[in-house]
file coords_0.cif (mmCIF, C-alpha atoms)
data_work
#
loop_
_atom_site.label_atom_id
_atom_site.label_comp_id
_atom_site.auth_asym_id
_atom_site.auth_seq_id
_atom_site.Cartn_x
_atom_site.Cartn_y
_atom_site.Cartn_z
CA MET A 1 -2.48 -3.07 16.10
CA GLU A 2 -4.47 -5.99 14.76
CA LYS A 3 -4.14 -6.95 11.10
CA ILE A 4 -7.10 -8.87 9.74
CA ALA A 5 -7.54 -10.08 6.18
CA VAL A 6 -10.84 -10.81 4.49
CA THR A 7 -10.37 -13.25 1.64
CA GLY A 8 -12.15 -16.26 0.20
CA GLY A 9 -11.08 -17.53 -3.18
CA LYS A 10 -14.37 -17.25 -4.96
CA GLY A 11 -15.25 -13.85 -6.39
CA GLY A 12 -18.52 -12.25 -5.44
CA VAL A 13 -19.06 -14.07 -2.15
CA GLY A 14 -19.13 -10.83 -0.22
CA LYS A 15 -15.54 -10.16 0.88
CA SER A 16 -15.71 -6.39 0.44
CA THR A 17 -19.15 -6.19 2.02
CA ILE A 18 -18.03 -8.23 4.99
CA ALA A 19 -14.79 -6.26 5.30
CA SER A 20 -16.89 -3.08 5.55
CA LEU A 21 -19.28 -4.63 8.08
CA LEU A 22 -16.31 -5.78 10.12
CA ALA A 23 -15.02 -2.21 10.06
CA ASN A 24 -18.39 -0.98 11.31
CA ARG A 25 -18.30 -3.48 14.16
CA TYR A 26 -14.84 -2.38 15.29
CA LEU A 27 -15.84 1.26 15.04
CA ALA A 28 -18.87 0.51 17.23
CA GLN A 29 -16.41 -0.98 19.74
CA GLY A 30 -14.62 2.36 19.81
CA LYS A 31 -11.61 1.30 17.74
CA LYS A 32 -9.88 3.37 15.12
CA VAL A 33 -10.14 1.44 11.84
CA LEU A 34 -8.13 1.45 8.63
CA LEU A 35 -9.78 -0.43 5.77
CA VAL A 36 -7.31 -1.28 3.00
CA ASP A 37 -8.62 -2.31 -0.41
CA LEU A 38 -5.98 -4.68 -1.76
CA ASP A 39 -8.06 -5.90 -4.68
CA VAL A 40 -5.85 -3.67 -6.76
CA GLU A 41 -7.06 -4.92 -10.13
CA CYS A 42 -10.71 -4.19 -9.35
CA PRO A 43 -10.92 -2.12 -6.16
CA ASN A 44 -14.49 -1.36 -5.19
CA ASP A 45 -14.61 -0.78 -1.44
CA HIS A 46 -14.92 2.94 -2.20
CA LEU A 47 -18.17 2.26 -4.05
CA LEU A 48 -19.69 0.41 -1.13
CA LEU A 49 -18.81 3.29 1.14
CA GLY A 50 -20.00 6.08 -1.13
CA GLN A 51 -16.46 7.43 -1.54
CA ARG A 52 -14.80 8.74 -4.68
CA LEU A 53 -11.25 8.11 -5.77
CA THR A 54 -10.11 11.47 -7.03
CA LYS A 55 -6.52 12.54 -6.61
CA PRO A 56 -4.03 9.76 -5.85
CA GLN A 57 -2.12 10.22 -2.64
CA LYS A 58 0.89 8.39 -3.98
CA LYS A 59 2.09 6.96 -7.27
CA ILE A 60 3.52 3.45 -7.24
CA ASN A 61 6.58 2.71 -9.33
CA SER A 62 8.10 -0.63 -10.13
CA PRO A 63 11.68 -1.19 -11.28
CA TYR A 64 12.40 -2.81 -14.63
CA PRO A 65 15.78 -4.11 -15.80
CA VAL A 66 17.90 -2.26 -18.35
CA ILE A 67 20.85 -4.03 -19.95
CA ASP A 68 24.01 -1.93 -20.10
CA GLN A 69 25.55 -3.10 -23.36
CA GLU A 70 28.97 -1.74 -22.42
CA LYS A 71 29.22 -3.99 -19.40
CA CYS A 72 27.17 -6.98 -20.58
CA GLN A 73 29.26 -10.00 -21.53
CA LYS A 74 26.28 -11.92 -22.98
CA CYS A 75 26.79 -14.75 -20.50
CA GLY A 76 23.07 -15.59 -20.37
CA GLN A 77 22.91 -15.79 -16.58
CA CYS A 78 19.93 -13.41 -16.46
CA VAL A 79 17.98 -15.60 -18.88
CA LYS A 80 18.59 -18.59 -16.62
CA VAL A 81 17.44 -16.94 -13.40
CA CYS A 82 14.33 -15.22 -14.75
CA LYS A 83 11.40 -17.26 -13.52
CA GLU A 84 8.91 -15.29 -15.60
CA ASN A 85 10.64 -16.11 -18.91
CA ALA A 86 10.85 -12.36 -19.42
CA ILE A 87 14.38 -12.34 -20.83
CA PHE A 88 15.28 -13.69 -24.27
CA GLN A 89 18.75 -13.96 -25.71
CA ALA A 90 19.45 -14.81 -29.33
CA PRO A 91 22.91 -16.34 -29.84
CA ASP A 92 25.68 -13.72 -29.64
CA GLN A 93 23.18 -10.96 -29.04
CA TYR A 94 22.44 -8.85 -25.98
CA PRO A 95 19.57 -10.11 -23.82
CA GLN A 96 16.18 -8.65 -24.64
CA ILE A 97 13.86 -7.73 -21.75
CA PHE A 98 10.12 -8.28 -22.16
CA GLU A 99 8.75 -5.75 -19.68
CA ASN A 100 5.19 -6.96 -20.07
CA LEU A 101 6.26 -10.29 -18.50
CA CYS A 102 8.57 -8.83 -15.87
CA SER A 103 7.44 -8.97 -12.24
CA SER A 104 10.25 -6.70 -10.97
CA CYS A 105 11.65 -9.44 -8.74
CA GLY A 106 15.26 -8.30 -9.23
CA ALA A 107 16.74 -11.78 -9.73
CA CYS A 108 18.42 -10.71 -12.96
CA TRP A 109 20.21 -7.63 -11.70
CA ILE A 110 21.16 -9.35 -8.47
CA SER A 111 22.70 -12.34 -10.25
CA CYS A 112 24.43 -10.55 -13.13
CA PRO A 113 28.14 -11.28 -12.65
CA ASP A 114 29.15 -8.10 -14.50
CA LYS A 115 26.72 -5.76 -12.76
CA ALA A 116 25.45 -4.93 -16.22
CA ILE A 117 21.75 -4.59 -15.37
CA SER A 118 20.48 -1.33 -13.97
CA GLN A 119 16.90 -0.41 -13.17
CA LYS A 120 14.44 2.11 -14.52
CA GLU A 121 11.26 3.04 -12.72
CA LYS A 122 7.89 2.91 -14.41
CA GLU A 123 4.62 3.97 -12.86
CA THR A 124 2.53 0.87 -12.33
CA GLY A 125 -0.22 1.96 -9.95
CA ARG A 126 -1.42 4.44 -7.39
CA ILE A 127 -2.80 4.74 -3.85
CA PHE A 128 -5.83 6.71 -2.78
CA GLN A 129 -6.65 7.86 0.71
CA ASN A 130 -10.20 8.61 1.86
CA LYS A 131 -10.94 9.89 5.33
CA ILE A 132 -14.43 8.73 6.20
CA SER A 133 -14.37 9.97 9.78
CA ASP A 134 -11.81 10.81 12.45
CA SER A 135 -11.56 7.14 13.31
CA TYR A 136 -12.17 5.54 9.90
CA GLN A 137 -10.02 5.73 6.80
CA LEU A 138 -10.09 3.85 3.51
CA ILE A 139 -6.85 3.20 1.63
CA THR A 140 -7.24 1.95 -1.94
CA GLY A 141 -4.55 0.46 -4.13
CA GLU A 142 -5.06 0.48 -7.87
CA ALA A 143 -2.91 -1.24 -10.49
CA ASN A 144 -2.53 0.04 -14.04
CA ALA A 145 -4.95 -1.74 -16.34
CA GLY A 146 -3.10 -4.50 -18.16
CA LEU A 147 -0.26 -4.78 -15.64
CA GLU A 148 0.83 -8.40 -15.74
CA GLU A 149 2.00 -8.78 -12.15
CA THR A 150 0.03 -6.91 -9.53
CA GLY A 151 1.52 -8.48 -6.39
CA PRO A 152 4.00 -5.58 -6.05
CA ILE A 153 1.10 -3.08 -6.14
CA VAL A 154 -0.53 -4.92 -3.24
CA LEU A 155 2.72 -4.84 -1.27
CA ALA A 156 3.26 -1.13 -1.92
CA THR A 157 -0.31 -0.32 -0.82
CA LYS A 158 0.08 -2.44 2.30
CA LYS A 159 3.34 -0.75 3.22
CA PHE A 160 1.76 2.69 2.81
CA ALA A 161 -1.28 1.68 4.88
CA LEU A 162 0.75 0.18 7.72
CA ARG A 163 2.89 3.28 7.95
CA ILE A 164 -0.25 5.38 8.44
CA ALA A 165 -1.68 2.85 10.87
CA LYS A 166 1.43 3.08 13.07
CA ARG A 167 1.80 6.83 12.82
CA GLU A 168 -1.84 7.62 13.51
CA ASN A 169 -2.50 4.83 16.03
CA TYR A 170 -5.06 2.75 14.22
CA GLN A 171 -6.05 -0.28 16.30
CA SER A 172 -7.58 -2.34 13.51
CA VAL A 173 -6.27 -2.71 9.99
CA ILE A 174 -8.56 -4.69 7.71
CA PHE A 175 -7.15 -5.95 4.40
CA ASP A 176 -9.76 -6.66 1.77
CA THR A 177 -8.06 -9.02 -0.69
CA ALA A 178 -8.77 -9.93 -4.29
CA ALA A 179 -10.50 -13.14 -5.27
CA GLY A 180 -8.34 -16.10 -6.19
CA ILE A 181 -5.24 -17.66 -4.69
CA HIS A 182 -2.47 -16.10 -6.77
CA CYS A 183 0.29 -13.57 -6.10
CA PRO A 184 -1.84 -10.49 -5.32
CA VAL A 185 -3.80 -12.55 -2.78
CA ILE A 186 -0.68 -14.13 -1.28
CA SER A 187 0.95 -10.71 -0.96
CA ALA A 188 -2.16 -9.42 0.83
CA LEU A 189 -2.17 -12.34 3.25
CA LEU A 190 1.48 -12.08 4.30
CA GLU A 191 1.99 -11.26 7.98
CA VAL A 192 -1.62 -10.85 8.98
CA ASP A 193 -2.85 -11.95 12.39
CA LEU A 194 -6.09 -13.55 11.21
CA ALA A 195 -7.77 -14.28 7.88
CA TYR A 196 -11.51 -14.56 7.44
CA LEU A 197 -12.30 -16.99 4.62
CA VAL A 198 -15.60 -15.92 3.17
CA THR A 199 -17.71 -18.47 1.33
CA GLU A 200 -21.29 -19.14 0.28
CA PRO A 201 -23.38 -22.33 0.41
CA THR A 202 -23.04 -23.31 -3.25
CA PRO A 203 -20.87 -25.92 -5.00
CA LEU A 204 -18.65 -23.12 -6.35
CA GLY A 205 -18.30 -21.58 -2.92
CA LEU A 206 -17.41 -24.92 -1.39
CA HIS A 207 -14.86 -25.71 -4.07
CA ASP A 208 -13.06 -22.39 -3.82
CA LEU A 209 -13.17 -22.51 -0.02
CA GLY A 210 -11.14 -25.72 -0.27
CA LEU A 211 -8.56 -23.88 -2.36
CA ILE A 212 -8.21 -20.88 -0.06
CA ILE A 213 -8.00 -23.19 2.97
CA ASP A 214 -5.07 -24.98 1.31
CA LEU A 215 -3.37 -21.66 0.65
CA ALA A 216 -3.94 -20.50 4.23
CA ARG A 217 -2.47 -23.80 5.45
CA LYS A 218 0.63 -23.42 3.29
CA MET A 219 1.08 -19.88 4.61
CA LYS A 220 0.49 -21.07 8.22
CA LEU A 221 -2.19 -18.41 8.47
CA LYS A 222 -4.67 -18.39 11.35
CA SER A 223 -8.08 -18.59 9.69
CA LYS A 224 -11.78 -18.63 10.38
CA ILE A 225 -14.65 -19.26 7.98
CA ILE A 226 -17.55 -16.89 7.40
CA ILE A 227 -20.49 -18.27 5.48
CA ASN A 228 -22.24 -15.44 3.69
CA GLN A 229 -25.88 -15.72 2.59
CA ALA A 230 -25.90 -18.88 4.69
CA ASP A 231 -29.64 -19.40 4.50
CA LEU A 232 -29.69 -19.58 0.72
CA GLY A 233 -28.17 -23.04 0.41
CA ASP A 234 -27.09 -26.22 2.12
CA ILE A 235 -24.24 -25.57 4.55
CA ASP A 236 -23.63 -29.21 5.50
CA GLN A 237 -20.64 -29.69 3.21
CA ILE A 238 -19.05 -26.50 4.42
CA THR A 239 -19.45 -27.56 8.05
CA ALA A 240 -18.00 -30.96 7.16
CA LEU A 241 -15.00 -29.27 5.50
CA SER A 242 -14.50 -26.99 8.48
CA ARG A 243 -14.44 -30.03 10.79
CA GLU A 244 -12.09 -31.94 8.51
CA LYS A 245 -9.65 -29.03 8.19
CA ARG A 246 -10.15 -27.96 11.82
CA ILE A 247 -11.04 -24.36 10.97
CA GLU A 248 -13.84 -22.82 12.98
CA ILE A 249 -16.84 -21.18 11.40
CA ALA A 250 -16.84 -17.73 12.95
CA ASN A 251 -20.10 -16.53 11.55
CA MET A 252 -23.04 -17.44 9.37
CA ILE A 253 -24.66 -14.43 7.84
CA PRO A 254 -28.15 -14.77 6.41
CA PHE A 255 -29.09 -13.07 3.18
CA SER A 256 -30.13 -9.52 3.86
CA SER A 257 -31.77 -7.22 1.39
CA LYS A 258 -30.91 -4.43 3.82
CA ILE A 259 -27.21 -5.03 3.12
CA VAL A 260 -27.76 -5.29 -0.63
CA LYS A 261 -29.64 -1.99 -0.67
CA ALA A 262 -27.02 -0.32 1.51
CA TYR A 263 -24.06 -1.29 -0.63
CA SER A 264 -25.89 -0.59 -3.85
CA ARG A 265 -26.40 2.94 -2.62
CA GLY A 266 -22.84 3.27 -1.36
CA ASN A 267 -24.18 3.48 2.14
CA LEU A 268 -22.46 0.56 3.86
CA ALA A 269 -20.55 2.75 6.28
CA ASN A 270 -23.78 3.79 7.94
CA LEU A 271 -25.32 0.36 8.19
CA LYS A 272 -25.97 -0.82 11.71
CA ILE A 273 -26.88 -4.47 11.96
CA LYS A 274 -26.38 -5.81 15.45
CA GLU A 275 -26.66 -9.50 14.79
CA LEU A 276 -24.01 -9.58 12.10
CA LEU A 277 -20.41 -10.31 13.06
CA MET B 1 19.25 -25.80 -42.46
CA LYS B 2 17.54 -26.55 -39.18
CA ILE B 3 13.80 -26.07 -38.94
CA ALA B 4 11.87 -26.08 -35.67
CA LEU B 5 8.25 -27.23 -35.41
CA PRO B 6 6.04 -27.22 -32.31
CA VAL B 7 4.60 -30.75 -32.14
CA ARG B 8 2.40 -33.05 -30.14
CA GLU B 9 4.26 -36.30 -30.82
CA LYS B 10 7.97 -36.92 -30.93
CA ASN B 11 8.35 -37.84 -34.59
CA LEU B 12 7.99 -36.49 -38.12
CA ASN B 13 4.49 -37.92 -38.49
CA SER B 14 3.16 -35.59 -35.85
CA VAL B 15 0.87 -32.72 -36.75
CA ILE B 16 2.04 -29.41 -35.43
CA ASP B 17 0.65 -28.11 -32.19
CA PRO B 18 -1.29 -24.95 -33.00
CA ARG B 19 -0.03 -22.95 -30.02
CA PHE B 20 3.71 -22.27 -30.37
CA GLY B 21 4.51 -21.70 -26.71
CA ARG B 22 2.28 -24.44 -25.35
CA ALA B 23 3.34 -27.35 -27.56
CA THR B 24 4.33 -30.65 -25.99
CA GLY B 25 7.75 -30.17 -27.53
CA TYR B 26 9.76 -29.07 -30.54
CA LEU B 27 11.11 -31.11 -33.42
CA ILE B 28 14.39 -29.73 -34.69
CA VAL B 29 14.71 -31.09 -38.22
CA ASP B 30 17.69 -30.92 -40.54
CA SER B 31 16.03 -30.05 -43.85
CA GLU B 32 18.72 -31.84 -45.88
CA THR B 33 19.10 -35.13 -44.01
CA GLU B 34 15.70 -35.21 -42.30
CA ASP B 35 17.49 -36.14 -39.11
CA TYR B 36 15.55 -34.77 -36.18
CA GLN B 37 15.61 -34.27 -32.45
CA PHE B 38 12.70 -33.77 -30.06
CA ILE B 39 13.09 -31.19 -27.29
CA PRO B 40 10.34 -31.19 -24.64
CA ASN B 41 8.80 -27.81 -23.95
CA PRO B 42 10.33 -26.50 -20.70
CA ALA B 43 7.48 -24.06 -20.13
CA ALA B 44 4.34 -25.87 -21.28
CA GLY B 45 2.63 -25.29 -17.94
CA ALA B 46 4.16 -21.94 -17.06
CA ALA B 47 1.71 -19.23 -16.08
CA ARG B 48 3.31 -16.75 -18.49
CA GLY B 49 6.25 -16.36 -20.81
CA ALA B 50 5.88 -19.75 -22.50
CA GLY B 51 6.41 -18.21 -25.92
CA ILE B 52 9.73 -16.71 -24.84
CA ALA B 53 10.87 -20.02 -23.37
CA ALA B 54 9.92 -21.75 -26.62
CA ALA B 55 11.74 -19.15 -28.68
CA GLN B 56 14.79 -19.70 -26.47
CA VAL B 57 14.65 -23.44 -27.25
CA VAL B 58 14.46 -22.68 -30.97
CA VAL B 59 17.49 -20.36 -30.99
CA SER B 60 19.56 -22.52 -28.66
CA GLN B 61 19.10 -25.37 -31.15
CA LYS B 62 20.26 -23.00 -33.91
CA ALA B 63 17.09 -23.36 -35.96
CA GLU B 64 16.87 -20.82 -38.77
CA ALA B 65 13.15 -21.23 -39.41
CA VAL B 66 10.03 -22.26 -37.53
CA VAL B 67 6.67 -23.46 -38.81
CA VAL B 68 3.76 -22.53 -36.57
CA GLY B 69 0.01 -22.59 -36.22
CA PHE B 70 -0.50 -19.56 -34.00
CA ILE B 71 2.32 -17.57 -32.50
CA GLY B 72 1.88 -14.81 -29.94
CA PRO B 73 3.44 -11.35 -29.88
CA ASN B 74 6.21 -12.08 -27.39
CA ALA B 75 7.56 -15.15 -29.19
CA PHE B 76 7.15 -13.41 -32.54
CA SER B 77 9.19 -10.44 -31.39
CA ALA B 78 11.89 -12.64 -29.90
CA LEU B 79 12.27 -14.78 -33.03
CA GLU B 80 12.24 -11.72 -35.25
CA THR B 81 15.08 -10.20 -33.21
CA ALA B 82 16.99 -13.44 -33.54
CA GLY B 83 16.54 -13.48 -37.30
CA VAL B 84 14.51 -16.69 -37.36
CA THR B 85 12.04 -16.87 -40.24
CA ILE B 86 8.50 -17.74 -39.19
CA TYR B 87 6.29 -19.73 -41.56
CA GLN B 88 2.57 -20.44 -41.46
CA GLY B 89 1.82 -24.15 -41.14
CA SER B 90 -1.53 -25.92 -41.42
CA SER B 91 -3.40 -28.44 -39.30
CA ASN B 92 -3.64 -31.20 -41.87
CA GLN B 93 0.02 -31.72 -42.71
CA THR B 94 2.56 -33.71 -40.80
CA ALA B 95 5.86 -32.22 -39.68
CA LYS B 96 7.61 -34.06 -42.50
CA GLU B 97 5.19 -32.68 -45.08
CA LEU B 98 5.61 -29.16 -43.74
CA VAL B 99 9.40 -29.40 -43.86
CA ASP B 100 9.15 -30.54 -47.48
CA SER B 101 6.71 -27.71 -48.30
CA LEU B 102 9.03 -25.20 -46.72
CA THR B 103 12.07 -26.32 -48.68
CA ALA B 104 9.93 -26.31 -51.85
CA GLY B 105 9.08 -22.68 -51.14
CA LYS B 106 5.37 -23.36 -50.72
CA LEU B 107 4.90 -21.95 -47.20
CA THR B 108 3.98 -18.34 -46.46
CA LYS B 109 6.10 -16.23 -44.17
CA LEU B 110 4.31 -14.65 -41.21
CA THR B 111 4.80 -10.92 -40.92
CA ARG B 112 2.95 -10.43 -37.69
CA PRO B 113 1.82 -12.54 -34.74
CA ALA B 114 -1.61 -14.13 -34.73
CA GLY B 115 -3.65 -14.17 -31.53
CA PRO B 116 -3.02 -12.75 -28.05
CA PRO B 117 -0.49 -14.14 -25.53
CA GLN B 118 -1.72 -17.45 -24.18
CA ARG B 119 -1.92 -17.87 -20.44
CA GLY B 120 -1.09 -21.21 -18.93
CA ALA B 121 -2.79 -23.51 -16.52
CA GLY B 122 -1.04 -21.96 -13.54
CA PRO B 123 -3.41 -20.03 -11.33
CA PRO B 124 -5.47 -18.35 -12.64
CA GLY B 125 -5.83 -19.97 -16.05
CA ARG B 126 -7.53 -18.29 -18.91
CA ARG B 127 -7.67 -19.43 -22.52
CA GLY B 128 -7.89 -16.82 -25.23
CA GLY B 129 -6.81 -16.74 -28.83
CA ARG B 130 -8.91 -15.57 -31.71
CA GLY B 131 -8.35 -14.68 -35.29
CA GLY B 132 -5.40 -15.73 -37.40
CA PRO B 133 -5.61 -18.36 -40.11
CA GLN B 134 -8.30 -21.00 -40.29
CA TRP B 135 -7.39 -23.92 -38.12
CA ARG B 136 -9.28 -27.14 -38.66
CA ARG B 137 -9.33 -29.37 -35.57
#
call {"tool": "encode", "arguments": {"input": "coords_0.cif", "output": "structure tokens"}}
result
Amino acid sequence: MEKIAVTGGKGGVGKSTIASLLANRYLAQGKKVLLVDLDVECPNDHLLLGQRLTKPQKKINSPYPVIDQEKCQKCGQCVKVCKENAIFQAPDQYPQIFENLCSSCGACWISCPDKAISQKEKETGRIFQNKISDSYQLITGEANAGLEETGPIVLATKKFALRIAKRENYQSVIFDTAAGIHCPVISALLEVDLAYLVTEPTPLGLHDLGLIIDLARKMKLKSKIIINQADLGDIDQITALSREKRIEIANMIPFSSKIVKAYSRGNLANLKIKELL
Amino acid sequence: MKIALPVREKNLNSVIDPRFGRATGYLIVDSETEDYQFIPNPAAGAARGAGIAAAQVVVSQKAEAVVVGFIGPNAFSALETAGVTIYQGSSNQTAKELVDSLTAGKLTKLTRPAGPPQRGAGPPGRRGGRGGPQWRR
């Protein structure tokens, strides 16, 4: 089973489109493909593929701390270990949990010396499953609107997807990540075999490519660059960056109104373009 | 009593920093002696939760009142729970002047937070904050 991520830092460069085209290529090679939409704050792979997200296959719950006032000795240890500043303690009072800041990391209940913090589950997202064909499935993770920390939603969706991939013998699992370089993206990039860094020949694309390259480096992630809409701008600085950082450019995709029309109509699954990827 | 003020500079001549959780630091002033201490803000650059961290500084220094420009909902709730009185300050008075105004009973108490939670410069940064009292820069 090969796990490939499509990421890129800058939003709107074409990650989801390229993830779908990659899926098409692997399908054409006779592989069974699982496409996993890990842009859980704004998932839209289903739109490109003309799919609808109707009934969730699974609800995602996250644990939140609850202070047991009978056991709590007001020592303040939980306040110290919380890296999100989600716990506040007024002098001589019980600690107060700010759930909207909590990322469910568990540091507080693990470190409480009196075992005074239990957990309650709250629904924080959901997973949808769409069977496109016998050899092609789309898994979509979706976080609750307004959820402060969506990394856990990405991890839950990934876990669900990989379980299906193993059980049903999918050869390729493609993770479409969110834009940016923060927790939801990092969670999506953990333990993948290869990451495609998608960029575009603009100053914004170049800048954000630098950022995602640095992240990939820190994560020791094998990466390759894909320049989308490569004929619309000057690629020299991107090629220079790729040489400097020693990351190969896997593909340069010219602008294609065929692709734009296909994804606008939700018809990307049926698009056959030989020269791409 | 002790009064806490979010400030830019480390002395009583400083104006207050309009964003409670993102101030450079906090002056803890004894309203009777005008002795003061400056505590740097431990969470100025934190992605989230800066208001809570700031509130924690205030209560750990045993301040009974704070004077703010804007204060978000998390810090407001925390200070309210702790019984700290929150007063509305203005942009054109120094910390010393605000402390004097407070003790003279000229400052208004805030009954609700002004503005949304402020995100920090950690990735990804976003600045918000609207509404609340007029703030002249």
call {"tool": "closest_atom_pairs", "arguments": {"input": "coords_0.cif", "of": "chain A", "to": "chain B", "cutoff": "10 Å", "atoms": "only C-alpha atoms", "output": "JSON lines"}}
result
{"residue": "A:Val79", "atom": "CA", "partner": "B:Gln56", "partner_atom": "CA", "distance": 9.2}
{"residue": "A:Lys83", "atom": "CA", "partner": "B:Gly49", "partner_atom": "CA", "distance": 9.0}
{"residue": "A:Glu84", "atom": "CA", "partner": "B:Gly49", "partner_atom": "CA", "distance": 5.9}
{"residue": "A:Asn85", "atom": "CA", "partner": "B:Gly49", "partner_atom": "CA", "distance": 4.8}
{"residue": "A:Ala86", "atom": "CA", "partner": "B:Gly49", "partner_atom": "CA", "distance": 6.3}
{"residue": "A:Ile87", "atom": "CA", "partner": "B:Ile52", "partner_atom": "CA", "distance": 7.5}
{"residue": "A:Phe88", "atom": "CA", "partner": "B:Ile52", "partner_atom": "CA", "distance": 6.3}
{"residue": "A:Gln89", "atom": "CA", "partner": "B:Gln56", "partner_atom": "CA", "distance": 7.0}
{"residue": "A:Ala90", "atom": "CA", "partner": "B:Ala82", "partner_atom": "CA", "distance": 5.1}
{"residue": "A:Pro91", "atom": "CA", "partner": "B:Val59", "partner_atom": "CA", "distance": 6.8}
{"residue": "A:Asp92", "atom": "CA", "partner": "B:Ala82", "partner_atom": "CA", "distance": 9.5}
{"residue": "A:Gln93", "atom": "CA", "partner": "B:Ala82", "partner_atom": "CA", "distance": 8.0}
{"residue": "A:Gln96", "atom": "CA", "partner": "B:Ala78", "partner_atom": "CA", "distance": 7.9}
{"residue": "A:Ile97", "atom": "CA", "partner": "B:Ala78", "partner_atom": "CA", "distance": 9.7}
{"residue": "A:Phe98", "atom": "CA", "partner": "B:Asn74", "partner_atom": "CA", "distance": 7.6}
{"residue": "A:Asn100", "atom": "CA", "partner": "B:Asn74", "partner_atom": "CA", "distance": 9.0}
{"residue": "A:Leu101", "atom": "CA", "partner": "B:Gly49", "partner_atom": "CA", "distance": 6.5}
{"residue": "A:Cys102", "atom": "CA", "partner": "B:Gly49", "partner_atom": "CA", "distance": 9.3}
{"residue": "A:Glu148", "atom": "CA", "partner": "B:Arg48", "partner_atom": "CA", "distance": 9.1}
{"residue": "A:Gly180", "atom": "CA", "partner": "B:Pro124", "partner_atom": "CA", "distance": 7.4}
{"residue": "A:Ile181", "atom": "CA", "partner": "B:Pro123", "partner_atom": "CA", "distance": 7.3}
{"residue": "A:His182", "atom": "CA", "partner": "B:Pro123", "partner_atom": "CA", "distance": 6.1}
{"residue": "A:Cys183", "atom": "CA", "partner": "B:Pro123", "partner_atom": "CA", "distance": 9.1}
call {"tool": "atom_distance", "arguments": {"input": "coords_0.cif", "atom1": "CA of Asn130 (chain A)", "atom2": "CA of Val13 (chain A)"}}
result
24.7 Å
call {"tool": "resolve_selection", "arguments": {"input": "coords_0.cif", "expression": "the PyMOL selection byres ((chain A and resi 38-52) around 9)", "output": "ChimeraX atom specification"}}
result
/A:16-17,19-20,35-37,53-54,125,130,132,138-147,150-151,153-155,157-158,175-179,184-185,188,262-270
call {"tool": "closest_residue", "arguments": {"input": "coords_0.cif", "among": "B:Ala114, B:Met1, B:Ile86, B:Val68", "to": "Thr33 (chain B)", "atoms": "all atoms listed in the file"}}
result
B:Met1
call {"tool": "residues_near_point", "arguments": {"input": "coords_0.cif", "point": "(8.7, -20.2, -40.4)", "cutoff": "9 Å", "atoms": "only C-alpha atoms", "output": "list in words"}}
result
Ile3, Ala4, Leu5, Glu64, Ala65, Val66, Val67, Val68, Val84, Thr85, Ile86, Tyr87, Gln88, Gly89, Leu102, Leu107, Thr108, Lys109 and Leu110 of chain B
call {"tool": "resolve_selection", "arguments": {"input": "coords_0.cif", "expression": "the PyMOL selection byres ((chain A and resi 247-253) around 8)", "output": "compact mmCIF listing (two decimals) with C-alpha atoms, keeping the file's coordinate frame"}}
result
# COMPACT_ATOMS: atom_id res chain seq x y z
CA SER A 223 -8.08 -18.59 9.69
CA LYS A 224 -11.78 -18.63 10.38
CA ILE A 225 -14.65 -19.26 7.98
CA ILE A 226 -17.55 -16.89 7.40
CA ILE A 227 -20.49 -18.27 5.48
CA ASN A 228 -22.24 -15.44 3.69
CA GLN A 229 -25.88 -15.72 2.59
CA ALA A 230 -25.90 -18.88 4.69
CA ASP A 231 -29.64 -19.40 4.50
CA THR A 239 -19.45 -27.56 8.05
CA SER A 242 -14.50 -26.99 8.48
CA ARG A 243 -14.44 -30.03 10.79
CA LYS A 245 -9.65 -29.03 8.19
CA ARG A 246 -10.15 -27.96 11.82
CA PRO A 254 -28.15 -14.77 6.41
CA PHE A 255 -29.09 -13.07 3.18
CA LEU A 276 -24.01 -9.58 12.10
CA LEU A 277 -20.41 -10.31 13.06
call {"tool": "resolve_selection", "arguments": {"input": "coords_0.cif", "expression": "the PyMOL selection byres ((chain B and resi 37) around 12)", "output": "list in words"}}
result
Lys2, Ile3, Ala4, Leu5, Pro6, Val7, Glu9, Lys10, Asn11, Leu12, Gly25, Tyr26, Leu27, Ile28, Val29, Asp30, Glu34, Asp35, Tyr36, Phe38, Ile39, Pro40, Val58, Gln61 and Ala63 of chain B
call {"tool": "atom_distance", "arguments": {"input": "coords_0.cif", "atom1": "CA of Phe76 (chain B)", "atom2": "CA of Pro18 (chain B)"}}
result
14.3 Å
call {"tool": "atom_distance", "arguments": {"input": "coords_0.cif", "atom1": "CA of Lys32 (chain A)", "atom2": "CA of Lys15 (chain A)"}}
result
20.4 Å
call {"tool": "closest_residue", "arguments": {"input": "coords_0.cif", "among": "A:Val198, A:Leu162, A:Leu189, A:Ile174", "to": "Arg25 (chain A)", "atoms": "only C-alpha atoms"}}
result
A:Ile174
call {"tool": "closest_residue", "arguments": {"input": "coords_0.cif", "among": "B:Pro113, B:Pro42, B:Gly105, B:Gly69", "to": "Asn92 (chain B)", "atoms": "all atoms listed in the file"}}
result
B:Gly69
call {"tool": "residues_around", "arguments": {"input": "coords_0.cif", "residues": "Ala44 (chain B)", "least_positions_apart": "5", "cutoff": "8 Å", "atoms": "only C-alpha atoms", "output": "ChimeraX atom specification"}}
result
/B:21-24,50,120
